[in-house]
>>> print(open('work-v9.txt').read())   # compact mmCIF, C-alpha atoms and all ligand atoms
# COMPACT_ATOMS: atom_id res chain seq x y z
CA MET A 1 139.76 27.26 -2.75
CA TYR A 2 138.64 24.25 -4.77
CA LYS A 3 140.52 21.01 -5.37
CA ILE A 4 139.12 20.01 -8.74
CA TRP A 5 139.25 16.72 -10.61
CA LEU A 6 137.86 17.14 -14.14
CA ASP A 7 136.16 14.31 -16.06
CA THR A 8 135.77 15.26 -19.70
CA ASP A 9 135.24 14.22 -23.34
CA PRO A 10 136.79 17.09 -25.38
CA GLY A 11 134.78 18.49 -27.39
CA PHE A 12 134.97 22.19 -28.03
CA ASP A 13 132.85 23.21 -25.02
CA ASP A 14 135.00 20.96 -22.81
CA TRP A 15 138.04 22.83 -24.20
CA LEU A 16 136.54 26.16 -23.11
CA ALA A 17 135.80 24.71 -19.64
CA MET A 18 139.41 23.52 -19.37
CA LEU A 19 140.75 26.99 -20.25
CA LEU A 20 138.40 28.60 -17.70
CA LEU A 21 139.61 26.17 -15.03
CA SER A 22 143.24 26.96 -15.86
CA ALA A 23 142.51 30.69 -15.42
CA ASN A 24 140.82 30.29 -12.03
CA LEU A 25 143.34 31.10 -9.29
CA ASP A 26 140.98 29.64 -6.67
CA VAL A 27 141.33 26.18 -8.24
CA THR A 28 143.95 23.56 -7.50
CA TRP A 29 143.57 21.30 -10.52
CA LEU A 30 144.42 17.74 -9.43
CA GLY A 31 143.89 15.85 -12.66
CA VAL A 32 141.89 15.10 -15.76
CA SER A 33 140.17 11.81 -16.58
CA VAL A 34 139.08 11.42 -20.18
CA VAL A 35 136.11 9.31 -21.29
CA ALA A 36 134.41 8.33 -24.53
CA GLY A 37 131.56 10.72 -25.29
CA ASN A 38 131.59 13.39 -27.97
CA ALA A 39 133.83 10.98 -29.87
CA PRO A 40 135.48 7.60 -29.14
CA LEU A 41 138.08 7.62 -26.35
CA ALA A 42 141.05 7.63 -28.74
CA ALA A 43 139.80 10.94 -30.16
CA THR A 44 138.75 12.59 -26.89
CA TYR A 45 142.05 11.56 -25.23
CA GLU A 46 144.11 12.94 -28.13
CA ASN A 47 142.04 16.15 -28.05
CA ALA A 48 142.70 16.52 -24.33
CA LEU A 49 146.47 16.12 -24.89
CA ARG A 50 146.44 18.58 -27.80
CA ILE A 51 144.67 21.16 -25.63
CA LYS A 52 147.02 20.49 -22.71
CA LYS A 53 150.15 20.90 -24.85
CA HIS A 54 149.16 23.90 -26.97
CA TYR A 55 147.49 25.82 -24.11
CA HIS A 56 150.16 24.92 -21.53
CA LEU A 57 147.83 23.26 -19.02
CA ASP A 58 149.87 22.03 -16.05
CA VAL A 59 147.70 19.05 -15.10
CA PRO A 60 148.07 15.27 -15.49
CA VAL A 61 145.73 13.73 -18.06
CA TYR A 62 144.67 10.05 -17.96
CA PRO A 63 142.76 7.86 -20.43
CA GLY A 64 139.61 6.33 -18.97
CA CYS A 65 136.66 4.21 -20.05
CA ASP A 66 136.08 3.65 -23.74
CA LYS A 67 132.52 2.35 -23.52
CA PRO A 68 129.45 2.80 -21.30
CA LEU A 69 128.51 0.37 -18.51
CA ALA A 70 125.70 -1.26 -20.46
CA ALA A 71 124.51 1.03 -23.26
CA LYS A 72 125.82 0.76 -26.79
CA VAL A 73 128.53 3.34 -27.60
CA GLU A 74 126.84 6.62 -28.48
CA THR A 75 128.83 9.63 -29.75
CA ALA A 76 128.01 13.10 -31.03
CA GLN A 77 130.25 12.73 -34.09
CA GLU A 78 127.28 13.15 -36.43
CA ILE A 79 126.96 16.73 -35.20
CA LEU A 80 130.54 17.50 -34.11
CA GLY A 81 132.60 15.67 -36.70
CA ALA A 82 134.78 12.55 -36.54
CA SER A 83 137.24 13.94 -33.96
CA GLY A 84 134.48 15.36 -31.75
CA MET A 85 135.33 18.95 -32.64
CA SER A 86 135.51 20.68 -36.02
CA THR A 87 137.09 23.91 -37.19
CA THR A 88 136.51 26.41 -39.98
CA GLY A 89 140.23 27.25 -39.87
CA GLU A 90 143.58 25.70 -39.02
CA ALA A 91 143.38 22.45 -37.07
CA LEU A 92 144.90 22.32 -33.60
CA PRO A 93 148.24 20.59 -34.30
CA GLY A 94 148.56 16.93 -33.40
CA VAL A 95 150.78 15.69 -30.58
CA ASP A 96 153.13 12.76 -29.91
CA ILE A 97 150.97 10.94 -27.37
CA ALA A 98 153.72 8.53 -26.26
CA GLN A 99 156.13 11.42 -25.67
CA LEU A 100 153.58 13.44 -23.66
CA GLU A 101 152.74 10.35 -21.58
CA ALA A 102 156.45 9.68 -20.95
CA GLU A 103 156.97 13.31 -19.86
CA GLN A 104 153.98 13.12 -17.50
CA LEU A 105 155.15 9.83 -15.95
CA ALA A 106 158.71 11.12 -15.56
CA ARG A 107 157.41 14.19 -13.70
CA GLN A 108 155.29 11.95 -11.48
CA GLN A 109 158.07 9.36 -11.17
CA ARG A 110 155.63 6.55 -11.82
CA GLN A 111 155.21 3.77 -14.35
CA PRO A 112 153.12 2.75 -16.25
CA MET A 113 150.28 5.17 -17.17
CA PRO A 114 147.42 4.32 -14.80
CA HIS A 115 143.82 4.00 -15.96
CA ALA A 116 142.00 7.27 -15.27
CA VAL A 117 139.66 5.52 -12.82
CA ASP A 118 142.60 4.38 -10.68
CA ALA A 119 144.19 7.84 -10.83
CA LEU A 120 140.87 9.38 -9.77
CA ILE A 121 140.49 6.98 -6.82
CA GLU A 122 144.09 7.72 -5.79
CA ALA A 123 143.47 11.50 -5.85
CA ILE A 124 140.31 11.20 -3.73
CA ARG A 125 142.04 8.97 -1.18
CA ALA A 126 144.94 11.44 -0.99
CA ASN A 127 142.57 14.40 -0.43
CA PRO A 128 139.72 13.02 1.70
CA GLY A 129 136.75 15.37 1.93
CA GLN A 130 138.41 17.98 -0.30
CA VAL A 131 137.87 16.98 -3.92
CA THR A 132 135.18 18.55 -6.08
CA LEU A 133 134.50 16.30 -9.08
CA MET A 134 133.69 18.43 -12.13
CA CYS A 135 131.98 16.13 -14.62
CA ILE A 136 131.29 17.42 -18.11
CA ALA A 137 130.91 14.14 -20.01
CA PRO A 138 129.17 10.77 -19.76
CA LEU A 139 129.62 9.54 -16.17
CA THR A 140 131.21 6.15 -16.92
CA ASN A 141 134.58 6.89 -15.23
CA ILE A 142 132.88 8.16 -12.08
CA ALA A 143 130.50 5.19 -11.84
CA VAL A 144 133.33 2.68 -12.33
CA ALA A 145 135.37 4.45 -9.62
CA LEU A 146 132.42 4.20 -7.21
CA GLN A 147 131.94 0.51 -8.07
CA ARG A 148 135.67 -0.26 -7.72
CA ALA A 149 136.14 1.73 -4.48
CA PRO A 150 132.76 2.40 -2.82
CA GLU A 151 134.54 3.81 0.22
CA ILE A 152 135.48 6.96 -1.74
CA ALA A 153 131.85 8.19 -1.94
CA PRO A 154 131.86 9.91 1.50
CA MET A 155 135.34 11.27 0.74
CA ILE A 156 134.09 13.33 -2.23
CA LYS A 157 133.23 16.90 -1.25
CA GLU A 158 130.80 17.55 -4.12
CA ILE A 159 130.01 16.57 -7.69
CA ILE A 160 129.30 19.49 -10.03
CA LEU A 161 128.15 18.24 -13.39
CA MET A 162 126.96 19.40 -16.77
CA GLY A 163 124.28 16.92 -17.68
CA GLY A 164 120.59 16.20 -17.75
CA SER A 165 117.80 18.73 -17.98
CA ALA A 166 114.88 19.96 -15.89
CA ASP A 167 112.93 20.24 -19.16
CA GLN A 168 113.67 19.06 -22.74
CA GLY A 169 116.58 16.96 -23.89
CA ASN A 170 119.01 17.53 -26.77
CA HIS A 171 120.28 14.14 -27.94
CA THR A 172 116.68 12.91 -27.78
CA ALA A 173 113.49 14.81 -27.04
CA ALA A 174 113.78 13.68 -23.41
CA ALA A 175 117.47 13.09 -22.71
CA GLU A 176 120.62 15.22 -22.61
CA PHE A 177 123.69 13.64 -24.28
CA ASN A 178 125.99 13.09 -21.25
CA ILE A 179 123.25 11.19 -19.41
CA TYR A 180 121.88 9.45 -22.51
CA ALA A 181 125.35 8.12 -23.44
CA ASP A 182 125.54 6.15 -20.17
CA PRO A 183 122.29 6.22 -18.14
CA GLU A 184 123.37 3.30 -15.91
CA ALA A 185 126.46 5.26 -14.89
CA ALA A 186 124.38 8.36 -14.19
CA ASP A 187 121.99 6.26 -12.08
CA ILE A 188 124.93 5.10 -9.91
CA VAL A 189 126.29 8.64 -9.53
CA PHE A 190 122.95 10.30 -8.70
CA ASN A 191 122.25 7.57 -6.09
CA ALA A 192 125.69 7.58 -4.45
CA GLY A 193 124.61 9.99 -1.68
CA ILE A 194 127.28 12.53 -2.72
CA PRO A 195 126.36 16.26 -2.67
CA LEU A 196 125.59 17.04 -6.31
CA ARG A 197 124.94 20.17 -8.37
CA MET A 198 123.35 19.57 -11.79
CA PHE A 199 123.84 22.13 -14.56
CA GLY A 200 121.30 20.88 -17.11
CA LEU A 201 120.19 22.04 -20.52
CA ASN A 202 117.48 24.20 -18.91
CA LEU A 203 120.31 26.27 -17.40
CA CYS A 204 122.77 26.14 -20.31
CA ARG A 205 120.14 27.48 -22.71
CA GLN A 206 120.33 30.75 -20.75
CA LEU A 207 124.03 31.03 -21.68
CA LEU A 208 124.16 31.83 -25.39
CA VAL A 209 127.15 32.61 -27.57
CA THR A 210 126.98 34.43 -30.89
CA SER A 211 129.45 35.43 -33.58
CA ALA A 212 130.33 38.44 -31.40
CA GLU A 213 132.20 36.16 -29.00
CA VAL A 214 133.98 34.44 -31.88
CA GLN A 215 135.12 37.84 -33.18
CA GLN A 216 136.35 38.84 -29.70
CA VAL A 217 138.59 35.76 -29.66
CA ARG A 218 139.79 36.20 -33.25
CA ALA A 219 140.60 39.89 -32.66
CA LEU A 220 143.32 38.89 -30.17
CA GLY A 221 145.41 37.87 -33.15
CA THR A 222 147.53 35.27 -31.34
CA LEU A 223 148.06 31.73 -32.65
CA ARG A 224 146.13 30.20 -29.75
CA ALA A 225 143.29 32.65 -30.35
CA LYS A 226 143.25 31.81 -34.07
CA TRP A 227 143.05 28.07 -33.40
CA LEU A 228 140.27 28.50 -30.86
CA ALA A 229 138.30 30.95 -33.05
CA GLY A 230 138.10 28.39 -35.88
CA TYR A 231 136.62 25.74 -33.59
CA PHE A 232 134.37 28.37 -31.97
CA GLU A 233 133.05 29.36 -35.39
CA ALA A 234 132.37 25.73 -36.32
CA TYR A 235 130.58 25.24 -32.98
CA LEU A 236 128.39 28.24 -33.74
CA ARG A 237 127.48 26.68 -37.10
CA ILE A 238 125.97 23.60 -35.46
CA ARG A 239 122.52 25.21 -35.41
CA SER A 240 122.78 27.42 -38.50
CA ALA A 241 125.11 27.31 -41.51
CA ASP A 242 125.89 31.02 -41.17
CA GLY A 243 126.23 30.98 -37.38
CA SER A 244 123.35 33.40 -37.00
CA VAL A 245 121.49 31.25 -34.42
CA PRO A 246 123.06 31.56 -30.93
CA MET A 247 124.42 28.36 -29.37
CA PRO A 248 124.18 27.33 -25.70
CA MET A 249 127.35 27.07 -23.63
CA TYR A 250 127.20 23.65 -21.93
CA ASP A 251 130.40 22.66 -20.08
CA PRO A 252 131.63 26.24 -19.45
CA ALA A 253 128.50 26.80 -17.30
CA VAL A 254 130.09 24.75 -14.52
CA ALA A 255 133.41 26.59 -14.75
CA ILE A 256 131.62 29.96 -14.69
CA TRP A 257 129.75 28.90 -11.52
CA LEU A 258 133.09 28.18 -9.83
CA LYS A 259 134.13 31.75 -10.57
CA ARG A 260 130.82 33.61 -10.06
CA PRO A 261 128.39 31.44 -8.04
CA GLU A 262 126.24 34.47 -7.18
CA LEU A 263 125.04 34.63 -10.79
CA PHE A 264 123.23 31.28 -10.43
CA SER A 265 120.19 30.00 -8.53
CA PHE A 266 119.40 26.38 -7.63
CA GLU A 267 116.39 24.35 -6.49
CA PRO A 268 116.68 21.12 -4.47
CA ALA A 269 115.17 18.10 -6.24
CA ARG A 270 115.05 14.35 -6.33
CA VAL A 271 116.59 13.50 -9.70
CA ASP A 272 116.09 9.99 -11.05
CA ILE A 273 117.45 8.59 -14.29
CA GLU A 274 115.01 6.84 -16.62
CA LEU A 275 116.60 3.55 -17.68
CA ALA A 276 113.74 1.69 -19.34
CA GLY A 277 111.61 4.19 -21.24
CA ARG A 278 111.35 3.44 -24.96
CA LEU A 279 111.27 7.19 -25.69
CA THR A 280 112.61 8.55 -22.41
CA ARG A 281 115.72 6.47 -21.64
CA GLY A 282 118.40 8.78 -20.21
CA MET A 283 115.89 11.40 -19.06
CA THR A 284 116.63 13.14 -15.73
CA VAL A 285 113.25 13.06 -14.00
CA CYS A 286 113.27 16.00 -11.56
CA GLU A 287 110.87 15.91 -8.58
CA PHE A 288 111.01 19.39 -7.04
CA ARG A 289 108.34 18.67 -4.37
CA VAL A 290 110.96 17.89 -1.75
CA PRO A 291 110.95 16.82 0.99
CA ARG A 292 107.16 16.34 0.82
CA ARG A 293 107.22 13.86 -2.07
CA ALA A 294 110.83 12.69 -2.04
CA GLN A 295 114.23 13.23 -0.49
CA ALA A 296 116.40 15.61 -2.54
CA ASN A 297 119.62 14.21 -4.02
CA ALA A 298 120.67 17.21 -6.07
CA GLN A 299 120.74 20.99 -6.32
CA VAL A 300 119.42 21.71 -9.82
CA ALA A 301 120.62 24.93 -11.45
CA MET A 302 117.55 26.88 -12.55
CA THR A 303 118.59 30.46 -13.45
CA VAL A 304 121.69 32.41 -14.34
CA ASP A 305 122.35 36.04 -15.23
CA GLY A 306 123.29 35.12 -18.80
CA PRO A 307 124.87 38.39 -19.97
CA ARG A 308 127.03 38.75 -16.84
CA ALA A 309 127.99 35.08 -16.98
CA MET A 310 129.06 35.40 -20.62
CA GLN A 311 130.99 38.57 -19.76
CA CYS A 312 132.81 36.61 -17.05
CA MET A 313 133.52 33.73 -19.42
CA MET A 314 134.99 35.96 -22.11
CA GLN A 315 137.06 37.98 -19.65
CA GLU A 316 138.58 34.80 -18.20
CA LEU A 317 138.93 33.10 -21.58
CA LEU A 318 140.72 35.93 -23.39
CA GLY A 319 143.33 35.97 -20.66
CA THR A 320 144.35 32.41 -21.54
CA LEU A 321 144.92 33.08 -25.26
CA SER A 322 147.96 35.33 -25.26
O1 LIG B 1 124.79 17.90 -23.93
C1 LIG B 1 125.98 18.65 -23.85
C2 LIG B 1 127.13 17.80 -23.39
O2 LIG B 1 127.39 16.78 -24.34
C3 LIG B 1 128.46 18.59 -23.27
O3 LIG B 1 129.21 18.06 -22.21
C4 LIG B 1 129.13 18.32 -24.57
O4 LIG B 1 130.56 18.42 -24.48
C5 LIG B 1 128.73 16.90 -24.82
O5 LIG B 1 129.59 16.06 -24.06
CA CA B 2 131.53 17.45 -22.63
>>> encode(input="work-v9.txt", output="structure tokens")
Amino acid sequence: MYKIWLDTDPGFDDWLAMLLLSANLDVTWLGVSVVAGNAPLAATYENALRIKKHYHLDVPVYPGCDKPLAAKVETAQEILGASGMSTTGEALPGVDIAQLEAEQLARQQRQPMPHAVDALIEAIRANPGQVTLMCIAPLTNIAVALQRAPEIAPMIKEIILMGGSADQGNHTAAAEFNIYADPEAADIVFNAGIPLRMFGLNLCRQLLVTSAEVQQVRALGTLRAKWLAGYFEAYLRIRSADGSVPMPMYDPAVAIWLKRPELFSFEPARVDIELAGRLTRGMTVCEFRVPRRAQANAQVAMTVDGPRAMQCMMQELLGTLS
């Protein structure tokens, strides 16, 4: 069993990861902290609430940090669109944020809405040694929580994160977006002494989706499937206007590992975050010669059985779209 806290910046691939989490019966889902990333916080928080409402996710959602620790705000809106996720079809309907917040607070019998960092600290203190932090966004919320309450570090069972890369970047030649958006936060998290699994671009590029997966979703014919298929199709058009070039699955990689860990292999490494490089800021510098040259601080995902992992993802995903 896993007690999961999810930190996210929805984003279409975050949305898929959320649905996979909701389908995993071995997961107790404690909460969701939202952070600026794919789009500004206002957009990622609204996206998280839209997904929660329309896909019936029974989990509290909290707004978190709206800017990085030190870096300038960096989003992926240029690629993903103003809201952080685009569609070729009908937009996921909007929500009444105040009403959803009031309903959540009434269920929790608390007032007012806490900052996500405080809710995260509370959850870790209430479940010492049991919480797995699943981080699929810039690490600002996590770093602020560790700064505000350093005593929670030994209480965290593990951090499993989509971020970084053991080879090339995506947002820059050297850096992956989640790390690049807040390198100072990543530096704090990777040096907190918490067991950490890194699912980087080198791994995610072995998990490719094509129009076949979009058609599988669309063929279900339900309203939730139709909404998702439109965003899936737009995601697939990031690399090619006709969607003919496969796209990597980033955030779902972590959720698939939770379900089928045997499909993945890892190597221990010392991972350091470049903070000063003119061309390499945000790079995850992986030293695999451990312990000879350095002490490992992460298990870096290196291989995955892509076809079986995608089969698992689709099987779990389709079950959430009825
Ligand atoms: O580089 C991929 C990561 O950046 C994913 O988490 C995606 O959602 C974006 O946040
Ligand atoms: Ca993300």
>>> closest_atom_pairs(input="work-v9.txt", of="chain A", to="ligand LIG 1 (chain B)", cutoff="9 Å", atoms="all atoms listed in the file", output="JSON lines")
{"residue": "A:Thr8", "atom": "CA", "partner": "B:LIG1", "partner_atom": "O3", "distance": 7.6}
{"residue": "A:Asp9", "atom": "CA", "partner": "B:LIG1", "partner_atom": "O5", "distance": 6.0}
{"residue": "A:Pro10", "atom": "CA", "partner": "B:LIG1", "partner_atom": "O4", "distance": 6.4}
{"residue": "A:Gly11", "atom": "CA", "partner": "B:LIG1", "partner_atom": "O4", "distance": 5.1}
{"residue": "A:Phe12", "atom": "CA", "partner": "B:LIG1", "partner_atom": "O4", "distance": 6.8}
{"residue": "A:Asp13", "atom": "CA", "partner": "B:LIG1", "partner_atom": "O4", "distance": 5.3}
{"residue": "A:Asp14", "atom": "CA", "partner": "B:LIG1", "partner_atom": "O4", "distance": 5.4}
{"residue": "A:Trp15", "atom": "CA", "partner": "B:LIG1", "partner_atom": "O4", "distance": 8.7}
{"residue": "A:Gly37", "atom": "CA", "partner": "B:LIG1", "partner_atom": "O5", "distance": 5.8}
{"residue": "A:Asn38", "atom": "CA", "partner": "B:LIG1", "partner_atom": "O5", "distance": 5.1}
{"residue": "A:Ala39", "atom": "CA", "partner": "B:LIG1", "partner_atom": "O5", "distance": 8.8}
{"residue": "A:Thr75", "atom": "CA", "partner": "B:LIG1", "partner_atom": "O5", "distance": 8.6}
{"residue": "A:Ala76", "atom": "CA", "partner": "B:LIG1", "partner_atom": "C5", "distance": 7.3}
{"residue": "A:Gly84", "atom": "CA", "partner": "B:LIG1", "partner_atom": "O4", "distance": 8.8}
{"residue": "A:Cys135", "atom": "CA", "partner": "B:LIG1", "partner_atom": "O3", "distance": 8.3}
{"residue": "A:Ile136", "atom": "CA", "partner": "B:LIG1", "partner_atom": "O3", "distance": 4.6}
{"residue": "A:Ala137", "atom": "CA", "partner": "B:LIG1", "partner_atom": "O5", "distance": 4.7}
{"residue": "A:Pro138", "atom": "CA", "partner": "B:LIG1", "partner_atom": "O5", "distance": 6.8}
{"residue": "A:Leu161", "atom": "CA", "partner": "B:LIG1", "partner_atom": "O3", "distance": 8.9}
{"residue": "A:Met162", "atom": "CA", "partner": "B:LIG1", "partner_atom": "O3", "distance": 6.0}
{"residue": "A:Gly163", "atom": "CA", "partner": "B:LIG1", "partner_atom": "O1", "distance": 6.3}
{"residue": "A:Gly164", "atom": "CA", "partner": "B:LIG1", "partner_atom": "O1", "distance": 7.7}
{"residue": "A:Gly169", "atom": "CA", "partner": "B:LIG1", "partner_atom": "O1", "distance": 8.3}
{"residue": "A:Asn170", "atom": "CA", "partner": "B:LIG1", "partner_atom": "O1", "distance": 6.5}
{"residue": "A:His171", "atom": "CA", "partner": "B:LIG1", "partner_atom": "O1", "distance": 7.1}
{"residue": "A:Ala175", "atom": "CA", "partner": "B:LIG1", "partner_atom": "O1", "distance": 8.8}
{"residue": "A:Glu176", "atom": "CA", "partner": "B:LIG1", "partner_atom": "O1", "distance": 5.1}
{"residue": "A:Phe177", "atom": "CA", "partner": "B:LIG1", "partner_atom": "O1", "distance": 4.4}
{"residue": "A:Asn178", "atom": "CA", "partner": "B:LIG1", "partner_atom": "O2", "distance": 5.0}
{"residue": "A:Ile179", "atom": "CA", "partner": "B:LIG1", "partner_atom": "O1", "distance": 8.2}
{"residue": "A:Ala181", "atom": "CA", "partner": "B:LIG1", "partner_atom": "O2", "distance": 8.9}
{"residue": "A:Gly200", "atom": "CA", "partner": "B:LIG1", "partner_atom": "O1", "distance": 8.2}
{"residue": "A:Leu201", "atom": "CA", "partner": "B:LIG1", "partner_atom": "O1", "distance": 7.1}
{"residue": "A:Cys204", "atom": "CA", "partner": "B:LIG1", "partner_atom": "C1", "distance": 8.9}
{"residue": "A:Met249", "atom": "CA", "partner": "B:LIG1", "partner_atom": "C1", "distance": 8.5}
{"residue": "A:Tyr250", "atom": "CA", "partner": "B:LIG1", "partner_atom": "C3", "distance": 5.4}
{"residue": "A:Asp251", "atom": "CA", "partner": "B:LIG1", "partner_atom": "O3", "distance": 5.2}
{"residue": "A:Pro252", "atom": "CA", "partner": "B:LIG1", "partner_atom": "O3", "distance": 9.0}
>>> closest_residue(input="work-v9.txt", among="A:Pro268, A:Gly193, A:Gly277, A:Pro128", to="A:Ile159", atoms="all atoms listed in the file")
A:Gly193
>>> residues_around(input="work-v9.txt", residues="stretch 280-294 of chain A", least_positions_apart="4", cutoff="7 Å", atoms="only C-alpha atoms", output="count of residues only")
17
>>> closest_residue(input="work-v9.txt", among="A:Ser33, A:Ser22, A:Asn297, A:Asn47", to="A:Phe190", atoms="all atoms listed in the file")
A:Asn297
>>> closest_residue(input="work-v9.txt", among="A:Leu49, A:Met314, A:Leu196, A:Val254", to="ligand CA 2 (chain B)", atoms="only C-alpha atoms and all ligand atoms")
A:Val254
>>> closest_residue(input="work-v9.txt", among="A:Glu213, A:Cys65, A:Ala298, A:Tyr231", to="A:Ala145", atoms="only C-alpha atoms")
A:Cys65
>>> residues_around(input="work-v9.txt", residues="stretch 236-240 of chain A", least_positions_apart="4", cutoff="8 Å", atoms="only C-alpha atoms", output="list in words")
Ile79, Leu80, Val209, Thr210, Ser211, Phe232, Ser244, Val245, Pro246 and Met247 of chain A
>>> write_last_selection(input="work-v9.txt", atoms="C-alpha atoms", output="PDB file, in the frame of the given file")
ATOM      1  CA  ILE A  79     126.960  16.730 -35.200  1.00  0.00           C
ATOM      2  CA  LEU A  80     130.540  17.500 -34.110  1.00  0.00           C
ATOM      3  CA  VAL A 209     127.150  32.610 -27.570  1.00  0.00           C
ATOM      4  CA  THR A 210     126.980  34.430 -30.890  1.00  0.00           C
ATOM      5  CA  SER A 211     129.450  35.430 -33.580  1.00  0.00           C
ATOM      6  CA  PHE A 232     134.370  28.370 -31.970  1.00  0.00           C
ATOM      7  CA  SER A 244     123.350  33.400 -37.000  1.00  0.00           C
ATOM      8  CA  VAL A 245     121.490  31.250 -34.420  1.00  0.00           C
ATOM      9  CA  PRO A 246     123.060  31.560 -30.930  1.00  0.00           C
ATOM     10  CA  MET A 247     124.420  28.360 -29.370  1.00  0.00           C
TER      11      MET A 247
END
>>> closest_residue(input="work-v9.txt", among="A:Met310, A:Val214, A:Ile256, A:Leu223", to="A:Met18", atoms="all atoms listed in the file")
A:Ile256
>>> closest_residue(input="work-v9.txt", among="A:Pro63, A:Pro150, A:Gly221, A:Pro261", to="A:Val189", atoms="only C-alpha atoms")
A:Pro150
>>> atom_distance(input="work-v9.txt", atom1="atom CA of A:His54", atom2="atom CA of A:Leu133")
24.3 Å
>>> decode(input="work-v9.txt", residues="stretch 7-63 of chain A", atoms="C-alpha atoms", output="short mmCIF file (atom, residue, chain, number, x, y, z; two decimals), in the first residue's frame")
data_model
loop_
_atom_site.label_atom_id
_atom_site.label_comp_id
_atom_site.auth_asym_id
_atom_site.auth_seq_id
_atom_site.Cartn_x
_atom_site.Cartn_y
_atom_site.Cartn_z
CA ASP A 7 2.48 17.70 -6.18
CA THR A 8 1.42 18.76 -9.65
CA ASP A 9 1.02 21.50 -12.29
CA PRO A 10 -1.81 20.22 -14.56
CA GLY A 11 -1.01 19.94 -17.61
CA PHE A 12 -2.37 17.13 -19.71
CA ASP A 13 0.25 14.55 -18.65
CA ASP A 14 -0.41 15.47 -15.01
CA TRP A 15 -4.11 14.80 -15.70
CA LEU A 16 -3.28 11.30 -16.95
CA ALA A 17 -1.12 10.68 -13.86
CA MET A 18 -4.00 11.80 -11.62
CA LEU A 19 -6.42 9.39 -13.33
CA LEU A 20 -3.91 6.54 -13.00
CA LEU A 21 -3.50 7.30 -9.29
CA SER A 22 -7.28 7.30 -8.81
CA ALA A 23 -7.47 3.85 -10.45
CA ASN A 24 -4.74 2.31 -8.27
CA LEU A 25 -6.37 0.37 -5.43
CA ASP A 26 -3.00 0.10 -3.67
CA VAL A 27 -2.90 3.88 -3.21
CA THR A 28 -4.34 5.90 -0.36
CA TRP A 29 -4.35 9.37 -1.89
CA LEU A 30 -3.82 11.90 0.92
CA GLY A 31 -3.86 15.15 -1.00
CA VAL A 32 -2.84 17.26 -3.94
CA SER A 33 -0.66 20.38 -3.82
CA VAL A 34 -0.72 22.51 -6.95
CA VAL A 35 2.20 24.67 -8.09
CA ALA A 36 2.96 27.07 -10.92
CA GLY A 37 4.67 25.24 -13.77
CA ASN A 38 3.08 24.37 -17.08
CA ALA A 39 1.08 27.56 -16.58
CA PRO A 40 0.71 30.17 -13.81
CA LEU A 41 -0.76 28.88 -10.53
CA ALA A 42 -4.23 30.31 -11.21
CA ALA A 43 -4.44 28.14 -14.34
CA THR A 44 -2.87 24.97 -12.92
CA TYR A 45 -5.07 25.21 -9.79
CA GLU A 46 -8.24 25.69 -11.86
CA ASN A 47 -7.19 22.77 -14.09
CA ALA A 48 -6.70 20.56 -11.04
CA LEU A 49 -10.19 21.45 -9.75
CA ARG A 50 -11.76 20.87 -13.18
CA ILE A 51 -10.15 17.42 -13.35
CA LYS A 52 -11.17 16.64 -9.76
CA LYS A 53 -14.80 17.61 -10.36
CA HIS A 54 -15.39 16.09 -13.80
CA TYR A 55 -13.47 12.85 -13.09
CA HIS A 56 -14.83 12.47 -9.54
CA LEU A 57 -11.47 12.42 -7.76
CA ASP A 58 -12.05 12.06 -4.02
CA VAL A 59 -8.97 13.95 -2.81
CA PRO A 60 -8.42 17.40 -1.27
CA VAL A 61 -6.70 19.89 -3.57
CA TYR A 62 -4.72 22.90 -2.27
CA PRO A 63 -3.19 25.92 -4.03
#
